[in-house]
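Listing of final-v7.txt, compact mmCIF, C-alpha atoms
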```
# COMPACT_ATOMS: atom_id res chain seq x y z
CA MET A 1 53.33 -138.23 1.99
CA THR A 2 55.69 -135.27 1.87
CA SER A 3 57.66 -135.03 -1.35
CA PRO A 4 61.34 -135.93 -0.90
CA PHE A 5 62.23 -133.06 -3.22
CA LEU A 6 61.07 -130.42 -0.74
CA THR A 7 63.86 -128.75 1.19
CA THR A 8 63.92 -128.87 4.99
CA ARG A 9 65.94 -125.66 5.20
CA ASP A 10 64.38 -122.37 6.22
CA ALA A 11 64.73 -119.29 4.05
CA VAL A 12 67.20 -116.71 5.35
CA CYS A 13 66.89 -112.96 4.80
CA PRO A 14 70.29 -111.95 3.36
CA PRO A 15 72.16 -110.11 6.16
CA GLY A 16 73.95 -107.85 3.69
CA LEU A 17 70.69 -106.78 2.05
CA LEU A 18 69.18 -106.01 5.45
CA LYS A 19 72.28 -104.11 6.60
CA ARG A 20 72.31 -101.93 3.51
CA ALA A 21 68.62 -101.11 3.96
CA GLN A 22 69.27 -100.18 7.59
CA GLU A 23 71.94 -97.71 6.45
CA GLU A 24 69.32 -95.82 4.41
CA PRO A 25 66.51 -93.58 5.71
CA SER A 26 63.48 -95.72 6.55
CA PRO A 27 60.89 -95.29 3.78
CA ARG A 28 57.26 -94.45 4.48
CA VAL A 29 55.34 -97.58 3.49
CA ALA A 30 51.63 -97.33 2.69
CA ILE A 31 50.09 -100.68 3.65
CA ALA A 32 46.81 -101.25 1.83
CA ARG A 33 44.27 -102.94 4.13
CA ALA A 34 46.72 -103.54 6.95
CA GLY A 35 44.26 -104.98 9.46
CA SER A 36 45.22 -108.66 9.41
CA ALA A 37 47.88 -110.77 11.06
CA LEU A 38 50.48 -111.14 8.30
CA PRO A 39 50.83 -107.52 7.12
CA MET A 40 50.83 -106.25 10.71
CA GLN A 41 53.48 -108.77 11.77
CA ALA A 42 55.59 -107.86 8.74
CA ALA A 43 55.20 -104.15 9.46
CA LYS A 44 56.18 -104.56 13.12
CA GLU A 45 59.26 -106.64 12.30
CA ALA A 46 60.35 -104.25 9.55
CA PHE A 47 59.81 -101.21 11.78
CA GLU A 48 61.81 -102.81 14.60
CA ALA A 49 64.55 -103.61 12.06
CA ASN A 50 64.62 -99.89 11.17
CA ILE A 51 63.70 -100.36 7.50
CA MET A 52 60.10 -99.09 7.49
CA GLN A 53 57.90 -96.26 8.74
CA PRO A 54 54.40 -97.74 8.36
CA ILE A 55 51.32 -95.89 7.18
CA PHE A 56 48.23 -97.96 7.91
CA ILE A 57 45.24 -97.97 5.56
CA GLY A 58 42.09 -99.95 6.22
CA GLU A 59 39.45 -100.59 8.86
CA ARG A 60 40.64 -98.88 12.06
CA ASP A 61 39.15 -101.42 14.45
CA GLN A 62 40.84 -104.33 12.67
CA ILE A 63 44.21 -102.55 12.47
CA GLU A 64 44.15 -101.62 16.14
CA ALA A 65 43.01 -105.11 17.16
CA GLU A 66 45.91 -106.74 15.26
CA ALA A 67 48.38 -104.27 16.74
CA GLU A 68 47.09 -105.05 20.23
CA LYS A 69 47.66 -108.77 19.65
CA LEU A 70 51.31 -107.90 18.94
CA ASN A 71 51.56 -105.57 21.97
CA TRP A 72 52.47 -102.83 19.52
CA ASP A 73 51.58 -99.20 20.20
CA ILE A 74 50.85 -97.75 16.76
CA SER A 75 49.42 -94.41 17.96
CA ALA A 76 52.38 -92.47 16.56
CA PHE A 77 51.86 -93.76 13.00
CA PRO A 78 49.44 -92.35 10.39
CA LEU A 79 46.23 -94.34 10.01
CA HIS A 80 43.82 -93.73 7.12
CA GLU A 81 40.46 -95.33 7.79
CA THR A 82 38.82 -96.94 4.77
CA GLU A 83 36.15 -99.55 4.11
CA GLY A 84 36.74 -102.60 1.94
CA GLU A 85 39.46 -103.66 -0.46
CA GLN A 86 38.93 -101.19 -3.28
CA GLU A 87 38.97 -98.06 -1.12
CA ALA A 88 42.01 -99.25 0.83
CA GLY A 89 43.97 -100.08 -2.30
CA GLN A 90 43.13 -96.78 -3.98
CA THR A 91 43.88 -94.70 -0.88
CA ALA A 92 47.26 -96.36 -0.41
CA ALA A 93 48.15 -95.91 -4.09
CA ASN A 94 47.02 -92.28 -4.03
CA LEU A 95 49.24 -91.53 -1.03
CA CYS A 96 52.24 -92.85 -2.95
CA GLY A 97 51.31 -90.91 -6.08
CA ALA A 98 50.97 -87.71 -4.04
CA GLY A 99 54.44 -88.14 -2.54
CA GLU A 100 53.11 -88.86 0.95
CA ALA A 101 54.53 -92.41 0.96
CA ASP A 102 57.65 -93.95 -0.58
CA VAL A 103 56.59 -97.60 -1.00
CA LEU A 104 53.23 -99.25 -1.73
CA MET A 105 52.60 -102.55 0.08
CA LYS A 106 49.80 -105.08 -0.34
CA GLY A 107 47.96 -106.12 2.81
CA GLN A 108 44.77 -108.17 3.14
CA LEU A 109 43.26 -107.66 -0.31
CA HIS A 110 43.21 -109.46 -3.61
CA SER A 111 46.22 -108.90 -5.87
CA ASP A 112 44.09 -107.85 -8.86
CA THR A 113 42.30 -105.20 -6.77
CA PHE A 114 45.61 -103.95 -5.39
CA MET A 115 47.32 -103.74 -8.78
CA ARG A 116 44.25 -102.18 -10.41
CA ALA A 117 44.56 -99.33 -7.91
CA ALA A 118 48.30 -99.03 -8.53
CA VAL A 119 47.93 -98.69 -12.31
CA SER A 120 44.90 -96.39 -12.18
CA ARG A 121 45.34 -92.86 -13.52
CA GLU A 122 43.90 -91.56 -10.25
CA ALA A 123 46.89 -92.91 -8.31
CA GLY A 124 49.47 -91.02 -10.35
CA LEU A 125 52.02 -93.84 -10.16
CA ARG A 126 52.50 -94.40 -13.88
CA THR A 127 55.81 -93.30 -15.34
CA GLY A 128 55.31 -94.43 -18.91
CA ALA A 129 57.17 -97.67 -18.24
CA ARG A 130 55.49 -101.05 -17.97
CA PHE A 131 55.04 -102.51 -14.49
CA VAL A 132 57.37 -105.50 -14.09
CA HIS A 133 57.70 -107.90 -11.15
CA ILE A 134 61.17 -109.06 -10.12
CA PHE A 135 62.15 -111.75 -7.64
CA HIS A 136 65.51 -111.36 -5.89
CA LEU A 137 66.46 -114.89 -4.79
CA THR A 138 69.29 -115.89 -2.48
CA HIS A 139 70.38 -119.30 -1.18
CA PRO A 140 70.78 -119.82 2.62
CA ASP A 141 74.53 -120.35 2.09
CA SER A 142 75.14 -117.33 -0.15
CA GLU A 143 74.12 -113.70 -0.54
CA GLN A 144 74.76 -113.73 -4.28
CA PRO A 145 71.35 -112.91 -5.78
CA LEU A 146 69.68 -114.41 -8.81
CA LEU A 147 66.92 -112.22 -10.23
CA ILE A 148 63.90 -113.58 -12.11
CA SER A 149 61.39 -111.53 -14.12
CA ASP A 150 58.46 -111.72 -14.56
CA ALA A 151 56.97 -114.46 -12.41
CA ALA A 152 53.95 -112.71 -10.92
CA VAL A 153 52.43 -109.82 -12.90
CA ASN A 154 52.76 -110.13 -16.68
CA VAL A 155 51.14 -113.35 -17.92
CA THR A 156 52.30 -113.45 -21.54
CA PRO A 157 54.58 -110.43 -21.87
CA ASP A 158 54.93 -108.96 -25.34
CA GLU A 159 58.24 -107.79 -26.80
CA LYS A 160 58.00 -104.30 -25.28
CA THR A 161 57.21 -105.69 -21.84
CA ARG A 162 60.19 -108.05 -21.95
CA GLN A 163 62.38 -105.15 -23.04
CA SER A 164 61.11 -103.29 -19.97
CA ALA A 165 61.88 -106.36 -17.86
CA LEU A 166 65.47 -106.29 -19.11
CA GLU A 167 65.76 -102.60 -18.25
CA CYS A 168 64.26 -103.07 -14.78
CA VAL A 169 66.49 -106.05 -13.99
CA ARG A 170 69.57 -104.17 -15.15
CA ASP A 171 68.61 -101.08 -13.13
CA LEU A 172 67.96 -103.09 -9.97
CA LEU A 173 71.29 -104.91 -10.25
CA HIS A 174 73.05 -101.58 -10.82
CA THR A 175 71.39 -100.26 -7.66
CA LEU A 176 72.66 -103.32 -5.80
CA GLY A 177 76.21 -102.63 -6.96
CA ASN A 178 76.55 -104.89 -10.02
CA ALA A 179 77.86 -102.54 -12.71
CA GLN A 180 77.75 -105.03 -15.60
CA PRO A 181 75.19 -107.75 -14.84
CA LYS A 182 74.78 -110.87 -16.96
CA ILE A 183 71.17 -111.48 -17.96
CA ALA A 184 69.96 -114.73 -19.52
CA LEU A 185 66.84 -115.18 -21.65
CA LEU A 186 65.17 -118.46 -20.76
CA SER A 187 64.02 -121.02 -23.30
CA ALA A 188 64.15 -124.80 -23.61
CA THR A 189 67.15 -124.73 -25.92
CA GLU A 190 70.24 -122.72 -26.79
CA SER A 191 69.41 -122.96 -30.49
CA VAL A 192 66.93 -120.79 -32.37
CA ILE A 193 64.20 -123.22 -33.45
CA ASP A 194 60.99 -122.06 -35.13
CA ALA A 195 59.00 -124.75 -33.33
CA VAL A 196 60.08 -123.25 -29.98
CA PRO A 197 58.70 -119.69 -30.05
CA SER A 198 60.51 -118.64 -26.88
CA SER A 199 63.85 -119.35 -28.57
CA VAL A 200 62.98 -117.10 -31.50
CA GLU A 201 61.76 -114.36 -29.18
CA ALA A 202 64.87 -114.64 -26.99
CA ASP A 203 67.12 -114.32 -30.02
CA ALA A 204 65.32 -111.15 -31.12
CA LEU A 205 65.45 -109.74 -27.61
CA SER A 206 69.15 -110.51 -27.32
CA LYS A 207 69.82 -108.62 -30.55
CA TRP A 208 67.71 -105.68 -29.33
CA ALA A 209 69.68 -105.56 -26.07
CA ALA A 210 73.00 -105.53 -27.91
CA GLU A 211 71.94 -102.33 -29.67
CA ASN A 212 69.84 -100.64 -27.00
CA LEU A 213 70.75 -101.81 -23.49
CA ALA A 214 74.02 -100.48 -22.13
CA GLY A 215 75.46 -101.65 -18.82
CA ALA A 216 74.55 -105.33 -19.11
CA ASP A 217 75.50 -108.50 -21.01
CA VAL A 218 72.37 -110.16 -22.38
CA PHE A 219 72.14 -113.50 -24.15
CA GLY A 220 69.46 -115.90 -25.22
CA PRO A 221 68.05 -118.34 -25.86
CA LEU A 222 69.51 -120.46 -23.07
CA ALA A 223 68.05 -123.50 -21.32
CA LEU A 224 68.18 -123.51 -17.53
CA ASP A 225 71.16 -125.86 -17.28
CA LEU A 226 73.20 -123.51 -19.44
CA ILE A 227 72.12 -120.55 -17.32
CA LEU A 228 73.12 -122.05 -13.97
CA SER A 229 75.69 -124.81 -14.54
CA PRO A 230 79.30 -124.15 -15.63
CA ASP A 231 79.69 -127.93 -16.10
CA ALA A 232 76.82 -128.00 -18.60
CA VAL A 233 78.31 -124.97 -20.33
CA ALA A 234 81.70 -126.71 -20.69
CA THR A 235 80.10 -129.95 -21.90
CA LYS A 236 78.13 -128.15 -24.61
CA GLY A 237 81.07 -126.01 -25.72
CA LEU A 238 79.70 -122.61 -24.68
CA SER A 239 82.52 -121.55 -22.36
CA ASP A 240 83.15 -118.40 -24.43
CA ASN A 241 79.55 -117.25 -23.99
CA PRO A 242 79.47 -114.10 -21.80
CA VAL A 243 76.33 -115.14 -19.89
CA ALA A 244 76.08 -118.95 -19.92
CA GLY A 245 76.82 -120.44 -16.50
CA LYS A 246 77.36 -116.99 -14.99
CA ALA A 247 73.91 -115.38 -15.04
CA ASP A 248 72.91 -112.79 -12.46
CA ALA A 249 69.34 -112.69 -13.74
CA ILE A 250 66.85 -114.59 -15.86
CA VAL A 251 64.11 -113.01 -17.95
CA VAL A 252 61.43 -115.62 -18.63
CA PRO A 253 59.05 -115.92 -21.60
CA ASP A 254 55.82 -116.21 -19.59
CA ILE A 255 54.39 -116.30 -16.10
CA VAL A 256 54.10 -120.10 -16.00
CA SER A 257 57.81 -120.71 -16.53
CA GLY A 258 58.75 -117.83 -14.23
CA ASN A 259 56.40 -118.90 -11.47
CA ALA A 260 57.52 -122.54 -11.67
CA LEU A 261 61.18 -121.52 -11.68
CA PHE A 262 61.03 -119.22 -8.67
CA LYS A 263 58.91 -121.66 -6.64
CA SER A 264 61.31 -124.49 -7.48
CA LEU A 265 64.20 -122.45 -6.13
CA VAL A 266 62.19 -121.63 -3.00
CA TYR A 267 60.62 -125.01 -2.23
CA VAL A 268 63.41 -127.25 -3.49
CA GLY A 269 66.47 -125.02 -3.10
CA GLY A 270 65.51 -123.17 0.09
CA ALA A 271 65.83 -119.75 -1.53
CA CYS A 272 64.63 -116.54 0.05
CA ALA A 273 62.49 -114.70 -2.52
CA ALA A 274 62.23 -110.94 -2.12
CA GLY A 275 59.64 -109.62 -4.56
CA LEU A 276 59.23 -106.14 -6.01
CA VAL A 277 57.18 -104.51 -8.77
CA MET A 278 59.16 -101.88 -10.65
CA GLY A 279 58.23 -99.38 -13.33
CA ALA A 280 56.00 -97.25 -11.09
CA LYS A 281 56.77 -93.97 -9.33
CA VAL A 282 57.49 -95.98 -6.17
CA PRO A 283 58.48 -99.62 -5.56
CA ILE A 284 55.49 -101.89 -5.00
CA LEU A 285 55.46 -104.84 -2.60
CA LEU A 286 53.13 -107.56 -3.89
CA THR A 287 53.33 -109.83 -0.87
CA SER A 288 51.77 -113.30 -0.60
CA ARG A 289 50.17 -115.14 2.30
CA ALA A 290 52.62 -117.98 1.58
CA ASP A 291 55.68 -115.78 2.08
CA PRO A 292 57.78 -116.77 5.10
CA ALA A 293 58.94 -114.06 7.49
CA ALA A 294 62.42 -113.99 5.92
CA ALA A 295 60.98 -113.27 2.47
CA ARG A 296 58.74 -110.50 3.77
CA MET A 297 61.69 -108.87 5.56
CA ALA A 298 63.90 -109.21 2.48
CA SER A 299 61.18 -107.70 0.29
CA VAL A 300 60.87 -104.63 2.51
CA ALA A 301 64.66 -104.29 2.64
CA LEU A 302 64.86 -104.43 -1.15
CA ALA A 303 62.08 -101.86 -1.50
CA SER A 304 63.86 -99.59 0.99
CA ILE A 305 67.08 -99.72 -1.04
CA VAL A 306 65.23 -98.96 -4.29
CA ALA A 307 63.19 -96.15 -2.71
CA ASN A 308 66.41 -94.49 -1.55
CA ALA A 309 68.31 -94.98 -4.83
```

This structure in structure tokens:
Amino acid sequence: MTSPFLTTRDAVCPPGLLKRAQEEPSPRVAIARAGSALPMQAAKEAFEANIMQPIFIGERDQIEAEAEKLNWDISAFPLHETEGEQEAGQTAANLCGAGEADVLMKGQLHSDTFMRAAVSREAGLRTGARFVHIFHLTHPDSEQPLLISDAAVNVTPDEKTRQSALECVRDLLHTLGNAQPKIALLSATESVIDAVPSSVEADALSKWAAENLAGADVFGPLALDLILSPDAVATKGLSDNPVAGKADAIVVPDIVSGNALFKSLVYVGGACAAGLVMGAKVPILLTSRADPAAARMASVALASIVANA
């Protein structure tokens, strides 16, 4: 039986996000192992929307066969023939590191293989910053984004990684036009309790941000109700808090809470989740087979905006 909590609404790519991406030069997107249905469909739709210039990497026969199924003439686009996941991932990453592509996109290969290529010294994508994944979520009835980090890459981020997550979230929101974003640090409580390690860590991170992170209001710990609900904020007497009930972004303590939170917003709330890995020389698209078309389009649009920033 289908759960009654699941939404029946389809995700919607935010029109404003897509429009802004279309106003920028289309980035060159290196698609690692492109020869399967989902990455080829995403590439075709993004190219036709004028937000991508694809560079195909992978087995030529598979790429051409998928393009033929879509009645898409790809003869004008670069195609780098490789064999297997590892070679495709490394070739795509190397193209980005060499300045021959502006965005790195995962195709039909395992995420660990793809990210291993991205972080390799051979690729030349490291900048000294930690790689951090960010979800940009929007509701079908609103284009106001809520950002979540890190729900896909860092499993148990240490203090430095969470500091990097704060910086990446702030920078992305600045790029999107939010000059003073409000960033919440998720826990199960708004009080600092030794028995709840995430509350202690959030308090320390909030104090670090106050001294080191300009251009954003950061506060934690906060439970989810106090991050999202002005009513809960008023009831608990936190109306003077600069972030509570008004958050533009949430930095989570671990991948489990982040993954559960973003999937709840998608599967229960009908959110469109555009995902991006930041901290590298180029934006990285870590797409999933479960992503609907709207999320794939939104992800490319977001990467296009960041690549042109």

Surrounding residues of Ala98 (chain A) excluding itself and chain neighbours under 6 positions, 10 Å, only C-alpha atoms, as a CSV table (one decimal) with C-alpha atoms, in the frame of the given file:
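Dumped everything to out-v5.csv:
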```
chain,number,residue,atom,x,y,z
A,123,ALA,CA,46.9,-92.9,-8.3
A,124,GLY,CA,49.5,-91.0,-10.4
A,125,LEU,CA,52.0,-93.8,-10.2
```

### Message
Excluding Gln41 (chain A) and its own-chain neighbours fewer than 6 positions away, which residues fall within 10 Å of it when counting only C-alpha atoms? Please give them as an MDAnalysis selection string.
### Response
chainID A and resid 34 47 66:67 69:70 72 293 296

May I have a table of the residues of region 15-52 of chain A lying at most 12 Å from region 112-121 of chain A, giving each one's closest pair of atoms and their distance in Å to one decimal, counting only C-alpha atoms, ordered by chain and ascending residue number, as a Markdown table?
```
| residue | atom | partner | partner_atom | distance |
| --- | --- | --- | --- | --- |
| A:Ala30 | CA | A:Ala118 | CA | 11.8 |
| A:Ile31 | CA | A:Phe114 | CA | 10.6 |
| A:Ala32 | CA | A:Phe114 | CA | 7.8 |
| A:Arg33 | CA | A:Phe114 | CA | 9.7 |
```

Could you give me, as CSV, every region 128-156 of chain A residue with an atom at most 7 Å from region 247-268 of chain A, plus its closest atom pair and distance in Å to one decimal, counting only C-alpha atoms, rows ordered by chain then number?
```
residue,atom,partner,partner_atom,distance
A:Pro145,CA,A:Asp248,CA,6.9
A:Leu146,CA,A:Asp248,CA,5.1
A:Leu147,CA,A:Ala249,CA,4.3
A:Ile148,CA,A:Ile250,CA,4.9
A:Ser149,CA,A:Val251,CA,4.9
A:Asp150,CA,A:Gly258,CA,6.1
A:Ala151,CA,A:Gly258,CA,4.2
A:Ala152,CA,A:Ile255,CA,6.3
A:Asn154,CA,A:Ile255,CA,6.4
A:Val155,CA,A:Ile255,CA,4.8
A:Thr156,CA,A:Asp254,CA,4.9
```

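In this comparison, which uses all atoms listed in the file, the residue of A:Lys19, A:Lys281, A:Arg289, A:His174 approaching Ala307 (chain A) most closely is A:Lys281.
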
### Nearest to Cys272 (chain A) by atom-to-atom distance, counting only C-alpha atoms, from A:Gln53, A:Thr189, A:Thr91, A:Ser299
A:Ser299

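Using all atoms listed in the file, the residues found no farther than 10 Å from Ser191 (chain A), other than those of its own chain fewer than 3 positions away, are A:Ser187, A:Ala188, A:Asp194, A:Val196, A:Ser199, A:Val200, A:Asp203, A:Gly220, A:Pro221, A:Leu222, A:Ala223.
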
### Query
Between CA of Ala210 (chain A) and CA of Val192 (chain A), what is the spacing in Å?
17.0 Å

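The space separating CA of Cys96 (chain A) from CA of Val29 (chain A) comes to 8.6 Å.
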